[in-house]
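Asks: Sharing upload28.csv, CSV, C-alpha atoms and all ligand atoms:
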```csv
chain,number,residue,atom,x,y,z
A,1,MET,CA,-123.5,107.2,87.1
A,2,ILE,CA,-120.7,109.1,85.4
A,3,VAL,CA,-118.1,106.5,84.1
A,4,GLY,CA,-114.7,107.7,83.0
A,5,VAL,CA,-112.2,105.8,80.8
A,6,PRO,CA,-108.6,107.2,80.8
A,7,LYS,CA,-105.9,106.5,78.3
A,8,GLU,CA,-103.5,103.8,79.6
A,9,ILE,CA,-100.2,105.2,80.6
A,10,LYS,CA,-98.2,102.1,81.3
A,11,GLU,CA,-95.4,101.5,78.8
A,12,GLN,CA,-96.5,99.7,75.6
A,13,GLU,CA,-100.0,99.4,76.9
A,14,ASN,CA,-102.3,100.0,74.0
A,15,ARG,CA,-105.5,98.4,75.3
A,16,VAL,CA,-108.4,100.5,76.5
A,17,ALA,CA,-111.0,99.7,79.1
A,18,MET,CA,-114.1,100.2,77.0
A,19,THR,CA,-115.3,99.8,73.4
A,20,PRO,CA,-117.9,101.9,71.6
A,21,ALA,CA,-120.3,99.0,72.1
A,22,GLY,CA,-119.7,99.3,75.8
A,23,VAL,CA,-120.3,103.0,75.7
A,24,ARG,CA,-123.6,102.4,73.9
A,25,THR,CA,-124.7,99.9,76.5
A,26,LEU,CA,-123.9,102.2,79.5
A,27,VAL,CA,-125.4,105.3,77.9
A,28,GLY,CA,-128.5,103.3,77.0
A,29,GLY,CA,-128.8,102.5,80.8
A,30,GLY,CA,-129.0,106.2,81.5
A,31,ASN,CA,-125.3,106.7,82.4
A,32,THR,CA,-122.8,109.2,81.2
A,33,VAL,CA,-119.5,108.0,79.7
A,34,LEU,CA,-116.4,110.2,79.6
A,35,ILE,CA,-113.5,109.0,77.4
A,36,GLN,CA,-110.1,110.6,77.5
A,37,LYS,CA,-109.0,112.1,74.2
A,38,SER,CA,-107.1,109.4,72.1
A,39,ALA,CA,-107.7,106.7,74.7
A,40,GLY,CA,-108.7,104.1,72.1
A,41,VAL,CA,-106.2,104.9,69.3
A,42,GLY,CA,-103.8,102.0,70.2
A,43,SER,CA,-106.8,99.6,69.9
A,44,GLY,CA,-108.0,101.2,66.6
A,45,ILE,CA,-110.8,103.1,68.2
A,46,THR,CA,-111.1,106.8,67.2
A,47,ASP,CA,-112.6,109.6,69.4
A,48,GLN,CA,-115.3,110.0,66.7
A,49,MET,CA,-116.3,106.3,67.1
A,50,TYR,CA,-116.8,106.9,70.8
A,51,LYS,CA,-118.7,110.1,70.2
A,52,ASP,CA,-121.0,108.3,67.7
A,53,ALA,CA,-121.7,105.8,70.5
A,54,GLY,CA,-122.8,108.6,72.9
A,55,ALA,CA,-119.6,109.3,74.9
A,56,LYS,CA,-118.2,112.7,75.7
A,57,ILE,CA,-114.5,113.2,75.0
A,58,VAL,CA,-112.5,114.9,77.7
A,59,PRO,CA,-109.0,116.4,77.2
A,60,THR,CA,-107.0,115.1,80.1
A,61,LEU,CA,-106.4,112.3,82.6
A,62,GLU,CA,-107.1,114.7,85.4
A,63,ALA,CA,-110.4,115.7,83.9
A,64,VAL,CA,-111.5,112.0,83.6
A,65,TYR,CA,-110.7,111.3,87.3
A,66,LYS,CA,-112.2,114.6,88.5
A,67,LYS,CA,-115.6,114.3,86.7
A,68,SER,CA,-116.2,110.6,87.1
A,69,GLU,CA,-117.9,108.6,89.8
A,70,MET,CA,-116.3,105.3,88.5
A,71,VAL,CA,-113.0,105.1,86.6
A,72,MET,CA,-112.5,102.0,84.4
A,73,LYS,CA,-109.0,101.1,83.4
A,74,VAL,CA,-107.0,98.1,82.1
A,75,LYS,CA,-103.8,98.2,84.2
A,76,GLU,CA,-103.3,99.3,87.7
A,77,PRO,CA,-102.9,103.1,88.3
A,78,LEU,CA,-99.3,104.3,88.3
A,79,PRO,CA,-97.9,106.6,91.1
A,80,SER,CA,-98.5,109.7,88.9
A,81,GLU,CA,-102.2,108.9,89.1
A,82,TYR,CA,-102.3,108.5,92.9
A,83,LYS,CA,-102.9,112.3,93.5
A,84,LEU,CA,-106.1,112.0,91.5
A,85,PHE,CA,-107.6,109.5,94.0
A,86,ARG,CA,-110.4,110.7,96.2
A,87,LYS,CA,-112.9,109.3,98.8
A,88,GLY,CA,-115.9,107.5,97.2
A,89,LEU,CA,-114.3,107.1,93.8
A,90,VAL,CA,-114.9,103.6,92.4
A,91,LEU,CA,-111.9,102.2,90.5
A,92,PHE,CA,-112.6,99.2,88.4
A,93,THR,CA,-109.5,97.6,86.8
A,94,TYR,CA,-106.8,94.9,87.0
A,95,LEU,CA,-105.0,95.7,90.3
A,96,HIS,CA,-102.9,92.7,91.5
A,97,LEU,CA,-102.7,94.4,94.9
A,98,ALA,CA,-101.1,91.5,96.7
A,99,ALA,CA,-98.0,92.4,94.8
A,100,ASN,CA,-98.3,96.1,95.3
A,101,GLU,CA,-98.4,97.4,98.9
A,102,LYS,CA,-97.8,101.0,98.0
A,103,LEU,CA,-100.9,101.1,95.8
A,104,THR,CA,-102.9,99.3,98.4
A,105,ARG,CA,-102.0,101.8,101.1
A,106,GLU,CA,-102.7,104.7,98.8
A,107,LEU,CA,-106.2,103.3,98.0
A,108,MET,CA,-106.8,102.9,101.8
A,109,LYS,CA,-105.5,106.4,102.7
A,110,THR,CA,-107.6,108.1,100.1
A,111,GLY,CA,-110.8,106.1,100.6
A,112,VAL,CA,-111.1,104.9,97.0
A,113,THR,CA,-113.3,101.8,96.5
A,114,ALA,CA,-111.1,99.5,94.4
A,115,VAL,CA,-112.8,96.6,92.5
A,116,ALA,CA,-110.2,94.3,90.9
A,117,TYR,CA,-111.0,92.5,87.7
A,118,GLU,CA,-108.8,89.5,88.7
A,119,THR,CA,-110.6,88.7,92.0
A,120,ILE,CA,-114.2,88.6,90.6
A,121,GLN,CA,-115.1,84.9,91.1
A,122,THR,CA,-118.1,82.9,90.0
A,123,ALA,CA,-119.8,80.3,92.2
A,124,ASN,CA,-117.9,77.5,90.4
A,125,GLY,CA,-114.6,79.1,91.3
A,126,LEU,CA,-113.8,80.6,87.9
A,127,LEU,CA,-112.2,84.0,87.5
A,128,PRO,CA,-114.1,85.3,84.5
A,129,LEU,CA,-112.1,88.5,84.0
A,130,LEU,CA,-108.7,86.7,84.1
A,131,MET,CA,-109.8,84.1,81.6
A,132,PRO,CA,-109.9,86.2,78.4
A,133,MET,CA,-106.3,87.3,78.8
A,134,SER,CA,-105.2,83.7,79.4
A,135,GLU,CA,-107.0,82.7,76.3
A,136,VAL,CA,-105.3,85.4,74.3
A,137,ALA,CA,-101.8,84.6,75.7
A,138,GLY,CA,-102.3,80.9,75.1
A,139,ARG,CA,-103.3,81.4,71.5
A,140,MET,CA,-100.4,83.8,71.0
A,141,SER,CA,-97.9,81.4,72.5
A,142,VAL,CA,-98.1,79.0,69.5
A,143,GLN,CA,-97.9,81.7,66.9
A,144,LEU,CA,-94.9,83.2,68.7
A,145,GLY,CA,-93.3,79.8,69.0
A,146,ALA,CA,-93.8,79.2,65.3
A,147,HIS,CA,-92.2,82.6,64.6
A,148,PHE,CA,-89.2,82.1,66.8
A,149,LEU,CA,-88.6,78.6,65.4
A,150,GLU,CA,-87.6,80.3,62.2
A,151,ALA,CA,-83.8,80.2,61.6
A,152,ARG,CA,-83.3,83.9,61.4
A,153,HIS,CA,-84.5,84.2,65.1
A,154,GLY,CA,-82.1,81.5,66.3
A,155,GLY,CA,-84.7,78.8,65.9
A,156,ARG,CA,-84.3,75.3,64.5
A,157,GLY,CA,-85.6,76.5,61.1
A,158,ILE,CA,-88.7,74.2,61.0
A,159,LEU,CA,-92.2,74.8,59.9
A,160,LEU,CA,-94.6,74.1,62.8
A,161,SER,CA,-97.1,72.4,60.6
A,162,GLY,CA,-94.7,70.2,58.6
A,163,MET,CA,-95.9,69.2,55.2
A,164,ALA,CA,-96.5,66.2,53.1
A,165,GLY,CA,-93.5,63.9,53.5
A,166,VAL,CA,-92.0,66.1,56.3
A,167,PRO,CA,-93.2,65.7,60.0
A,168,PRO,CA,-94.6,68.6,61.9
A,169,ALA,CA,-93.1,70.2,65.1
A,170,ASP,CA,-93.5,68.5,68.5
A,171,VAL,CA,-95.1,70.9,70.9
A,172,THR,CA,-95.2,70.3,74.7
A,173,ILE,CA,-97.5,72.3,76.9
A,174,ILE,CA,-96.8,72.2,80.7
A,175,GLY,CA,-100.1,73.1,82.5
A,176,GLY,CA,-103.4,72.3,80.8
A,177,GLY,CA,-105.5,75.1,82.2
A,178,VAL,CA,-106.9,78.1,80.2
A,179,VAL,CA,-103.6,79.1,78.7
A,180,GLY,CA,-102.6,75.4,78.0
A,181,TYR,CA,-105.9,74.5,76.4
A,182,SER,CA,-106.0,77.7,74.2
A,183,ALA,CA,-102.4,76.9,73.1
A,184,ALA,CA,-103.3,73.3,72.3
A,185,LYS,CA,-106.2,74.3,70.1
A,186,VAL,CA,-104.1,76.5,68.0
A,187,ALA,CA,-101.1,74.1,67.8
A,188,VAL,CA,-103.4,71.2,66.8
A,189,GLY,CA,-105.1,73.5,64.3
A,190,LEU,CA,-101.7,74.3,62.7
A,191,GLY,CA,-101.0,70.6,62.4
A,192,ALA,CA,-98.4,70.2,65.2
A,193,GLN,CA,-97.9,67.1,67.3
A,194,VAL,CA,-99.1,68.2,70.7
A,195,GLY,CA,-98.5,66.8,74.2
A,196,ILE,CA,-100.0,68.4,77.4
A,197,LEU,CA,-98.8,67.7,80.9
A,198,ASP,CA,-100.8,68.5,84.0
A,199,ASN,CA,-100.8,67.1,87.5
A,200,ASN,CA,-104.5,67.1,87.8
A,201,ILE,CA,-105.9,63.8,86.4
A,202,GLN,CA,-109.4,65.1,86.2
A,203,ARG,CA,-108.2,68.0,84.0
A,204,LEU,CA,-106.3,65.5,81.8
A,205,ARG,CA,-109.5,63.5,81.4
A,206,GLU,CA,-111.3,66.6,80.3
A,207,LEU,CA,-108.6,67.6,77.9
A,208,ASP,CA,-108.6,64.1,76.4
A,209,GLU,CA,-112.4,64.3,76.0
A,210,ILE,CA,-112.7,67.9,74.5
A,211,MET,CA,-109.7,67.5,72.2
A,212,HIS,CA,-111.1,64.2,70.9
A,213,GLY,CA,-107.8,62.4,71.3
A,214,ARG,CA,-105.9,64.9,69.1
A,215,VAL,CA,-103.4,65.6,71.9
A,216,ILE,CA,-101.4,63.3,74.0
A,217,THR,CA,-102.2,63.9,77.7
A,218,ILE,CA,-99.4,63.0,80.2
A,219,MET,CA,-99.3,63.1,84.0
A,220,SER,CA,-96.8,65.8,85.0
A,221,THR,CA,-93.8,64.4,86.8
A,222,PRO,CA,-90.1,65.5,86.7
A,223,GLU,CA,-89.4,62.4,84.5
A,224,SER,CA,-92.2,63.0,82.0
A,225,ILE,CA,-91.3,66.7,81.7
A,226,GLU,CA,-87.7,65.9,81.0
A,227,ARG,CA,-88.6,63.2,78.5
A,228,MET,CA,-91.1,65.4,76.6
A,229,ALA,CA,-88.8,68.5,76.6
A,230,ARG,CA,-85.9,66.5,75.2
A,231,PHE,CA,-87.5,65.8,71.9
A,232,SER,CA,-89.7,68.9,71.6
A,233,ASP,CA,-89.3,71.8,69.2
A,234,LEU,CA,-91.5,74.1,71.2
A,235,VAL,CA,-92.2,74.0,75.0
A,236,ILE,CA,-95.0,76.2,76.4
A,237,GLY,CA,-95.0,76.9,80.2
A,238,SER,CA,-98.5,77.5,81.4
A,239,VAL,CA,-98.7,76.3,85.0
A,240,LEU,CA,-100.5,78.1,87.7
A,241,VAL,CA,-100.6,77.3,91.4
A,242,ALA,CA,-103.2,79.8,92.7
A,243,GLY,CA,-101.8,82.5,94.9
A,244,ALA,CA,-98.2,81.3,94.7
A,245,ARG,CA,-95.1,81.7,92.6
A,246,ALA,CA,-95.0,79.2,89.7
A,247,PRO,CA,-93.0,76.1,90.5
A,248,LYS,CA,-89.8,75.6,88.4
A,249,LEU,CA,-90.8,72.4,86.7
A,250,LEU,CA,-88.4,72.5,83.7
A,251,THR,CA,-85.0,72.7,85.4
A,252,GLU,CA,-81.8,74.2,83.9
A,253,ASP,CA,-80.4,70.7,83.5
A,254,MET,CA,-83.5,69.7,81.4
A,255,VAL,CA,-83.1,72.8,79.3
A,256,LYS,CA,-79.5,71.9,78.6
A,257,LYS,CA,-80.7,68.5,77.1
A,258,MET,CA,-83.2,70.2,74.8
A,259,LYS,CA,-82.5,70.3,71.0
A,260,PRO,CA,-80.4,73.3,69.9
A,261,GLY,CA,-82.7,75.9,68.3
A,262,SER,CA,-85.8,74.7,70.1
A,263,VAL,CA,-88.1,77.4,71.6
A,264,ILE,CA,-89.5,78.0,75.1
A,265,VAL,CA,-92.5,80.3,75.6
A,266,ASP,CA,-92.9,80.7,79.3
A,267,VAL,CA,-96.4,82.3,79.6
A,268,ALA,CA,-96.3,81.8,83.4
A,269,ILE,CA,-93.5,84.3,83.7
A,270,ASP,CA,-95.9,86.8,85.3
A,271,GLN,CA,-95.9,84.5,88.3
A,272,GLY,CA,-92.1,84.0,88.2
A,273,GLY,CA,-92.1,81.5,85.3
A,274,CYS,CA,-92.2,77.6,85.4
A,275,ILE,CA,-88.9,77.2,83.6
A,276,GLU,CA,-85.7,77.6,85.6
A,277,THR,CA,-83.8,79.5,82.9
A,278,SER,CA,-86.6,82.0,82.2
A,279,SER,CA,-86.3,85.7,83.1
A,280,LEU,CA,-88.8,88.4,82.3
A,281,THR,CA,-88.5,90.0,78.8
A,282,THR,CA,-90.4,92.9,77.1
A,283,HIS,CA,-92.1,93.3,73.8
A,284,THR,CA,-89.1,95.5,72.7
A,285,ASN,CA,-86.6,92.7,73.4
A,286,PRO,CA,-88.8,89.6,73.7
A,287,THR,CA,-86.2,86.8,73.5
A,288,PHE,CA,-82.8,85.6,74.6
A,289,ILE,CA,-80.9,82.4,73.9
A,290,LYS,CA,-79.7,80.2,76.8
A,291,HIS,CA,-78.1,76.8,76.4
A,292,GLY,CA,-78.9,77.1,72.6
A,293,VAL,CA,-82.7,77.4,73.4
A,294,VAL,CA,-84.6,80.5,72.4
A,295,HIS,CA,-86.6,81.8,75.4
A,296,TYR,CA,-89.6,84.1,75.0
A,297,CYS,CA,-90.8,85.4,78.5
A,298,VAL,CA,-92.9,88.5,78.0
A,299,GLY,CA,-95.1,89.3,81.1
A,300,ASN,CA,-97.9,91.1,79.3
A,301,MET,CA,-98.3,89.2,76.1
A,302,PRO,CA,-101.9,90.4,75.2
A,303,GLY,CA,-100.5,94.0,75.1
A,304,ALA,CA,-99.1,93.1,71.6
A,305,VAL,CA,-102.5,92.4,70.2
A,306,PRO,CA,-104.5,95.4,71.6
A,307,ARG,CA,-107.3,95.3,69.1
A,308,THR,CA,-108.2,91.7,69.9
A,309,ALA,CA,-107.3,92.0,73.6
A,310,THR,CA,-109.5,95.1,74.2
A,311,LEU,CA,-112.5,93.4,72.7
A,312,ALA,CA,-111.8,90.1,74.6
A,313,LEU,CA,-111.4,92.0,77.9
A,314,THR,CA,-114.4,94.3,77.5
A,315,ASN,CA,-116.7,91.4,76.4
A,316,SER,CA,-116.1,90.1,80.0
A,317,THR,CA,-115.9,93.3,82.0
A,318,LEU,CA,-119.0,95.1,80.6
A,319,PRO,CA,-121.7,93.0,82.4
A,320,TYR,CA,-120.0,93.9,85.7
A,321,ALA,CA,-119.5,97.6,84.7
A,322,GLN,CA,-123.1,97.7,83.8
A,323,MET,CA,-124.2,96.4,87.2
A,324,LEU,CA,-122.1,98.9,89.0
A,325,ALA,CA,-123.2,101.8,86.8
A,326,ASP,CA,-126.9,101.0,86.6
A,327,LYS,CA,-127.4,100.0,90.2
A,328,GLY,CA,-124.7,101.9,92.1
A,329,PHE,CA,-121.9,100.3,94.1
A,330,ASP,CA,-123.9,99.3,97.2
A,331,LYS,CA,-126.8,97.7,95.5
A,332,ALA,CA,-124.7,96.0,92.9
A,333,ILE,CA,-122.4,94.2,95.4
A,334,ALA,CA,-125.3,93.3,97.6
A,335,GLN,CA,-127.0,91.6,94.7
A,336,ASP,CA,-124.0,89.9,93.0
A,337,LEU,CA,-121.6,87.8,95.1
A,338,PRO,CA,-119.0,87.3,92.3
A,339,LEU,CA,-118.8,91.1,91.9
A,340,ALA,CA,-118.6,91.6,95.7
A,341,LYS,CA,-115.5,89.3,95.7
A,342,GLY,CA,-113.9,91.7,93.3
A,343,VAL,CA,-113.9,94.5,96.0
A,344,ASN,CA,-110.3,94.7,97.4
A,345,VAL,CA,-110.4,98.0,99.3
A,346,HIS,CA,-113.4,100.0,100.5
A,347,ASP,CA,-113.8,102.9,102.9
A,348,GLY,CA,-110.2,102.8,103.9
A,349,LYS,CA,-110.1,99.1,104.7
A,350,VAL,CA,-108.8,96.0,102.9
A,351,THR,CA,-111.8,93.8,102.2
A,352,HIS,CA,-110.1,91.0,100.3
A,353,PRO,CA,-108.6,88.2,102.5
A,354,GLY,CA,-105.8,87.4,100.1
A,355,VAL,CA,-104.6,91.1,99.9
A,356,ALA,CA,-104.9,91.6,103.7
A,357,GLN,CA,-102.9,88.4,104.2
A,358,ALA,CA,-100.1,89.5,101.8
A,359,PHE,CA,-99.4,92.5,104.1
A,360,GLY,CA,-100.2,91.1,107.5
A,361,MET,CA,-103.3,93.3,107.7
A,362,LYS,CA,-106.7,92.5,109.1
A,363,SER,CA,-109.3,91.9,106.4
A,364,GLU,CA,-112.8,93.4,106.8
A,365,PRO,CA,-114.8,91.4,104.2
A,366,ILE,CA,-117.9,92.9,102.7
A,367,CYS,CA,-119.2,89.5,101.5
A,368,ALA,CA,-119.2,85.9,102.4
A,369,TRP,CA,-115.9,84.0,101.6
A,370,ASP,CA,-115.8,80.2,101.9
A,401,LIG,N1,-97.5,86.3,80.2
A,401,LIG,C1,-98.7,86.8,80.0
A,401,LIG,O1,-98.9,87.8,79.3
A,401,LIG,C2,-99.9,86.0,80.6
A,401,LIG,C3,-101.2,86.2,80.2
A,401,LIG,C4,-102.2,85.5,80.7
A,401,LIG,C5,-101.9,84.5,81.7
A,401,LIG,N2,-100.6,84.4,82.1
A,401,LIG,C6,-100.2,83.4,83.1
A,401,LIG,O2,-100.3,82.1,82.6
A,401,LIG,C7,-100.4,81.1,83.7
A,401,LIG,C8,-101.4,80.1,83.5
A,401,LIG,O3,-102.7,80.7,83.5
A,401,LIG,P1,-104.1,79.9,83.3
A,401,LIG,O4,-105.1,80.9,83.3
A,401,LIG,O5,-103.9,78.9,82.3
A,401,LIG,O6,-104.2,79.1,84.8
A,401,LIG,P2,-105.1,77.9,85.0
A,401,LIG,O7,-105.3,77.9,86.5
A,401,LIG,O8,-106.3,77.9,84.2
A,401,LIG,O9,-104.2,76.6,84.6
A,401,LIG,C9,-103.0,76.3,85.3
A,401,LIG,C10,-102.8,74.8,85.1
A,401,LIG,O10,-101.6,74.4,85.7
A,401,LIG,C11,-101.7,73.1,86.2
A,401,LIG,N3,-100.7,72.7,87.2
A,401,LIG,C12,-100.5,73.1,88.4
A,401,LIG,N4,-99.3,72.5,88.9
A,401,LIG,C13,-98.8,71.8,87.9
A,401,LIG,C14,-97.7,70.9,87.8
A,401,LIG,N5,-96.9,70.7,88.8
A,401,LIG,N6,-97.5,70.3,86.6
A,401,LIG,C15,-98.3,70.5,85.5
A,401,LIG,N7,-99.4,71.3,85.6
A,401,LIG,C16,-99.7,71.9,86.8
A,401,LIG,C17,-103.1,73.2,86.9
A,401,LIG,O11,-103.6,71.9,87.2
A,401,LIG,C18,-103.9,73.9,85.9
A,401,LIG,O12,-104.6,73.0,85.0
A,401,LIG,C19,-100.6,82.0,85.0
A,401,LIG,O13,-99.4,82.2,85.6
A,401,LIG,C20,-101.1,83.3,84.4
A,401,LIG,O14,-100.9,84.4,85.2
A,401,LIG,C21,-99.6,85.1,81.6
```
As structure tokens, what does this structure read like?

Replies:
Amino acid sequence: MIVGVPKEIKEQENRVAMTPAGVRTLVGGGNTVLIQKSAGVGSGITDQMYKDAGAKIVPTLEAVYKKSEMVMKVKEPLPSEYKLFRKGLVLFTYLHLAANEKLTRELMKTGVTAVAYETIQTANGLLPLLMPMSEVAGRMSVQLGAHFLEARHGGRGILLSGMAGVPPADVTIIGGGVVGYSAAKVAVGLGAQVGILDNNIQRLRELDEIMHGRVITIMSTPESIERMARFSDLVIGSVLVAGARAPKLLTEDMVKKMKPGSVIVDVAIDQGGCIETSSLTTHTNPTFIKHGVVHYCVGNMPGAVPRTATLALTNSTLPYAQMLADKGFDKAIAQDLPLAKGVNVHDGKVTHPGVAQAFGMKSEPICAWD
């Protein structure tokens, strides 16, 4: 198969969909890999590194789409790319179609086969291509929290780890899933005092077990959230209710009672945020202060660490890209149910039940959903 990798064009998006190691794997399987000129520069990968791995460098975005049977990206295509869609092209990337009717209809109209990273699902219900970015964002949330706790950023002016004779910061994590656990590991590693709230008792048991009692686990209720937030230096919002907007668990009244100069990092902002006073910010202007509390609410946190995020993402996407490239679309999805669940649009029809439901359309599944 001919696999093409364009340069990302979304603002401040420096990740790229394939590493030289990925190129080597696909080329080793008898495939051709086309990389758009300079596609990897933001992630520290030069054209020469790709060439050394066996890729061909092509000059433009148009050339990548035109010559490829499968296009691999990081973010969803932007309207300027829609004119490059054509029947039979396989598009493999993050799509989040349930929130993008225009793109869904374009993919249907043009007959593109759209395979979304975020809906690939393993038998135990995990979303393996979403996890790496949650792990990155969770780990980042603590280092960002530590940074914004510095006085010059409006923070309380405390060192997260504390030191001999001076207590460490109190960190509260609301939502103990992939982001929450990743944040807890880094916060504990830095020496902070960490509490995790979740409303799933089984998850709290797991966290208690895997963190060897180094975090306090607390059942999430409005009362416990208020109590924890009140004395915390850093609150991390990492709640997810699958398929829904995040519930506003930390209310404005609770934020008003937090210590002046404390910091909120609302990682769940991409689902609307789980803190009532949050609103979306960007890497250019990442914070604002409300009720004396510093708020960080960037929706694409991993974009700030493209070298790490590109490697983390491609470690997870490559096995699926390999299946598609080596076997071809039909055979690959017939043999692998998790990959088949990634197919959102095929042959002009919406094949993913969640996407169809979002737009009141009829879904025409190409695999078993239970
Ligand atoms: N901003 C970014 O750049 C970025 C990057 C990656 C992920 N995210 C977002 O972070 C959020 C968390 O992702 P994740 O992968 O950790 O999800 P996850 O499903 O692994 O974890 C979510 C956790 O929230 C818990 N939860 C649900 N309702 C709760 C409640 N009322 N109180 C306390 N806990 C509750 C669940 O039990 C679960 O443990 C998602 O919205 C995701 O999209 C944002």

Asks: Using all atoms listed in the file, what are the residues with an atom within 6 Å of ligand LIG 401 (chain A), set out as a PyMOL selection string?

Replies: chain A and resi 131+133-134+137+174-180+197-200+220+238-241+267-271+298-302

Asks: Using Å and a single decimal, report how far CA of Lys109 in chain A sits from CA of Phe359 in chain A.

Replies: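 Interatomic distance, CA of Phe359 in chain A to CA of Lys109 in chain A: 15.2 Å.
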
Asks: Counting all atoms listed in the file, what are the residues of range 29-129 of chain A within 9 Å of range 328-343 of chain A, and for each of them which pair of atoms is the nearest and at what distance in Å, to one decimal? Sort the table by chain and rising number, as CSV.

Replies:
```
residue,atom,partner,partner_atom,distance
A:Val90,CA,A:Phe329,CA,7.9
A:Thr113,CA,A:Val343,CA,7.3
A:Ala114,CA,A:Val343,CA,5.9
A:Val115,CA,A:Val343,CA,4.2
A:Ala116,CA,A:Gly342,CA,5.1
A:Tyr117,CA,A:Gly342,CA,6.4
A:Glu118,CA,A:Gly342,CA,7.2
A:Thr119,CA,A:Gly342,CA,4.6
A:Ile120,CA,A:Gly342,CA,4.1
A:Gln121,CA,A:Pro338,CA,4.7
A:Thr122,CA,A:Pro338,CA,5.0
A:Ala123,CA,A:Pro338,CA,7.0
A:Leu127,CA,A:Pro338,CA,9.0
```

Asks: Rank nothing, just name the residue among A:Leu280, A:Val33, A:Ile210, A:Met228 nearest to Lys257 in chain A, using all atoms listed in the file.

Replies: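 Answer, going by the shortest atom-to-atom distance: A:Met228.
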
Asks: So how far away is CA of Gly360 in chain A from CA of Ala246 in chain A, in Å?

Replies: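 These two atoms are separated by 22.0 Å.
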
Asks: Can you work out the spacing between CA of Lys83 in chain A and CA of Asn31 in chain A in Å, to one decimal?

Replies: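 Separation of CA of Lys83 in chain A and CA of Asn31 in chain A: 25.6 Å.
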
Asks: Give me the residues within 8 Å of range 182-194 of chain A as a PyMOL selection string, counting all atoms listed in the file and dropping any in the same chain fewer than 2 places off.

Replies: chain A and resi 134-136+138-142+160-162+168-173+178-180+196+211+214-216

Asks: Could you pull the residues within 12 Å of Ala358 in chain A, counting all atoms listed in the file, minus those fewer than 3 positions along the same chain, as a list in words?

Replies: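 With the cut-off at 12 Å, the set is His96, Leu97, Ala98, Ala99, Asn100, Glu101, Thr104, Gly243, Ala244, Val350, His352, Pro353, Gly354, Val355, Met361, Lys362 and Ser363 of chain A.
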
Asks: Leaving out Tyr296 in chain A and any residue of its chain fewer than 6 positions from it, which residues lie within 8 Å of it when counting only C-alpha atoms, given as a ChimeraX atom specification?

Replies: /A:263-266,281,286-288

Asks: Deliver the residues from the most recent selection as a file, using C-alpha atoms, as a compact mmCIF listing (two decimals), keeping the file's coordinate frame.

Replies:
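Written out: selection-v8.txt:
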```
# COMPACT_ATOMS: atom_id res chain seq x y z
CA VAL A 263 -88.10 77.40 71.60
CA ILE A 264 -89.50 78.00 75.10
CA VAL A 265 -92.50 80.30 75.60
CA ASP A 266 -92.90 80.70 79.30
CA THR A 281 -88.50 90.00 78.80
CA PRO A 286 -88.80 89.60 73.70
CA THR A 287 -86.20 86.80 73.50
CA PHE A 288 -82.80 85.60 74.60
```

Asks: Which is closest to His346 in chain A among A:Thr282, A:Met18, A:Glu364, A:Met70, if we use only C-alpha atoms?

Replies: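 Of A:Thr282, A:Met18, A:Glu364, A:Met70, the one nearest His346 in chain A, counting only C-alpha atoms, is A:Glu364.
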
Asks: When you look at Thr277 in chain A with a cut-off of 12 Å (counting all atoms listed in the file), what residues show up, excluding the ones that are within fewer than 3 positions of it in the same chain? I need them as a list in words.

Replies: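 In the requested form, the answer reads Gly237, Lys248, Leu249, Leu250, Thr251, Glu252, Asp253, Met254, Val255, Lys256, Ile264, Val265, Asp266, Ile269, Gly272, Gly273, Cys274, Leu280, Phe288, Ile289, Lys290, His291, Gly292, Val293, Val294, His295, Tyr296 and Cys297 of chain A.
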